[in-house]
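One structure is given here, and the rest of the page talks about it.
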Amino acid sequence: MKQHQHKASWLSGSAVIVISALVMAACAPTDLGFEAPGTAMGTQWGPLDEFRFRISGRHPDASAEEIQAAELVNVRARQEFIAACMSEQGFTYIPFVGNIQVSRGTEVVDAVDWESREFAEEYGFAFSINPPPAIGAFHSFVDGSGDPNWGEFRDAMSLAERNAWDEALMGPAGANWIGSVDFMDFENRGCSGAADLAVGIWAQPDAFAAINNEINILQQSILLGQFPEIIELEADWGACMADQGFGGFQSLTQLRESLHDEWQGLLGRRVEWGWGGGTGGSPIGRTPNITVEPSGGQIPDTRIIEAQRERERAAATASWDCRVEVQYDQRLNEVNYRIQNEFIDQHRAELDAWEEHAESLRASRD
């Protein structure tokens with residue numbers, strides 16, 4: 001059976017980049033019914049990606065109807081967990097699912113191919129210029145209007161009762177509505193965080209923490225280019241970029257992060273890069289933590305904005321051309337193909353057990 005050409009975009013559609021798409025992108029071994037990587041632009045999902053999709057219950061090939069049905073099951077399980085958690089602390093919480101709507105980029109009229117050279121020419125890396133939706137990307141919307149836990153229910157509480165209820169539900173920061181709450185800080189987000197960790201896509205059973213950590217280490221080593229083939233590949237790409245007038249970049253990731261930070265800097269924001277995801281079947285990736293400088297928040301002159309946008313467009317277009325010239329995507333896919341195969345060969349039993357556990361858990365919620 002021929003492998004589906006799943007592509008992971010190299011171009012981010014928002015200022016918050018999660019460059020996890022290129023982390024585990026590859027194709028799968030022939031004994032799993034896959035063929036080796038082709039020459040298409042963009043990275044391709046591989047065998048370890050497939051394991052994580054099945055573990056999380058979210059696959060890029062799923063239809064909008066399938067994703068919506070899975071989301072309904074997950075949201076219901078999360079709401080029931082929150083209600084039980086709140087009850088244990090002496091509070092009432094009414095499980096509420098809401099109206100979940102999911103669509104794909106193919107259903108959006110102005111969806112575009114983010115892998116095309118034309119996209120790079122017009123939108124760059126999509127940091128300073130907002131692009132249309134990506135073809136095939138999922139877009140979800142949850143209508144929370146009518147939630148019985150808010151409005152009259154909460155308004156009827158005394159101030160002390162309301163504060164205690166808020167803190168039990170959202171944790172100290174969420175209850176006091178102070179600044180931004182670290183979504184991945186599950187332990188400090190009250191019953192909501194506990195629910196995400198217990199039944200959400202970030203749920204991480206202790207029995208599989210070790211294999212999850214091994215996968216994260218592997219993903220980080222690929223993103224950081226800690227393999228001879230990737231080091232050589234990035235060097236070839238860097239030499240090509242220098243010829244195009246963009247010297248000094250050691251990797252495509254470095255170029256992207258640099259342009260992202262330049263744009264955020266113009267807006268008076270400071271960026272610190274770290275790692276996000278990497279639990280419960282979700283891939284790990286490079287993510288920015290953005291803070292507004294005390295003197296920031298001012299919109300720069302339109303000429304400065306346009307100059308930065310032109311620089312981003314030019315850099316993205318040059319990068320696209322260099323990727324073609326040095327066969328960047330094909331070579332990276334081949335490296336990932338080998339690495340993923342080797343990892344699965346070494347950890348087949350743990351991965352099979354994790355997948356079986358995840359499928360059993362989902363079946364119990366249906």
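The way I read the labels, and the way they are meant: chains A, B, ... in the order of the structure tokens, residue 1 as the first residue of every chain, and ligand 1 as the first ligand shown, with later ones counted on from there.
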
Exercise: A:Ile82 partners within 12 Å, only C-alpha atoms, chain neighbours under 2 positions left out, as a PyMOL selection string: chain A and resi 75-80+84-89+91-97+149+168-170+189-200

For A:Arg311, the nearest of the candidates A:Asp113, A:Glu187, A:Asp236, A:Glu262, counting only C-alpha atoms: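 Once distances to A:Arg311 are computed over only C-alpha atoms, the minimum belongs to A:Glu262.
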
Contact residues around stretch 224-231 of chain A with only C-alpha atoms at 12 Å, ignoring same-chain residues under 5 positions, as a ChimeraX atom specification: /A:19-20,22-23,217-219,236-238,250-254,275,285-286,328-336,338-339

Cut-off 12 Å: closest stretch 41-140 of chain A/stretch 209-215 of chain A atom pairs per residue, using only C-alpha atoms, as a Markdown table:
| residue | atom | partner | partner_atom | distance |
| --- | --- | --- | --- | --- |
| A:Leu48 | CA | A:Ile215 | CA | 8.8 |
| A:Asp49 | CA | A:Ile215 | CA | 10.3 |
| A:Phe51 | CA | A:Ile215 | CA | 11.1 |
| A:Arg52 | CA | A:Asn212 | CA | 9.9 |
| A:Ile55 | CA | A:Asn212 | CA | 11.2 |

Members of stretch 176-332 of chain A assigned helix (DSSP H, G or I) by DSSP, as a PyMOL selection string: chain A and resi 176+186-188+190-199+206-223+228-243+252-266+302-325+328-332

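Atom CA of A:Ser319 to atom CA of A:Asp301 spans 27.2 Å [interatomic distance, one decimal].
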
Near-A:Gly274 list (8 Å; only C-alpha atoms; drop same-chain fewer than 4 positions) as a list in words: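 After dropping sequence-adjacent residues, the list is Arg286, Thr287, Pro288 and Asn289 of chain A.
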
Separation of atom CA of A:Phe119 from atom CA of A:Gln244 in Å: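 Computed distance, atom CA of A:Gln244 to atom CA of A:Phe119, equals 18.5 Å.
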
Residue set, stretch 73-294 of chain A restricted to strand (DSSP E), as a PyMOL selection string: chain A and resi 99-104+138-143+269-277+284-292
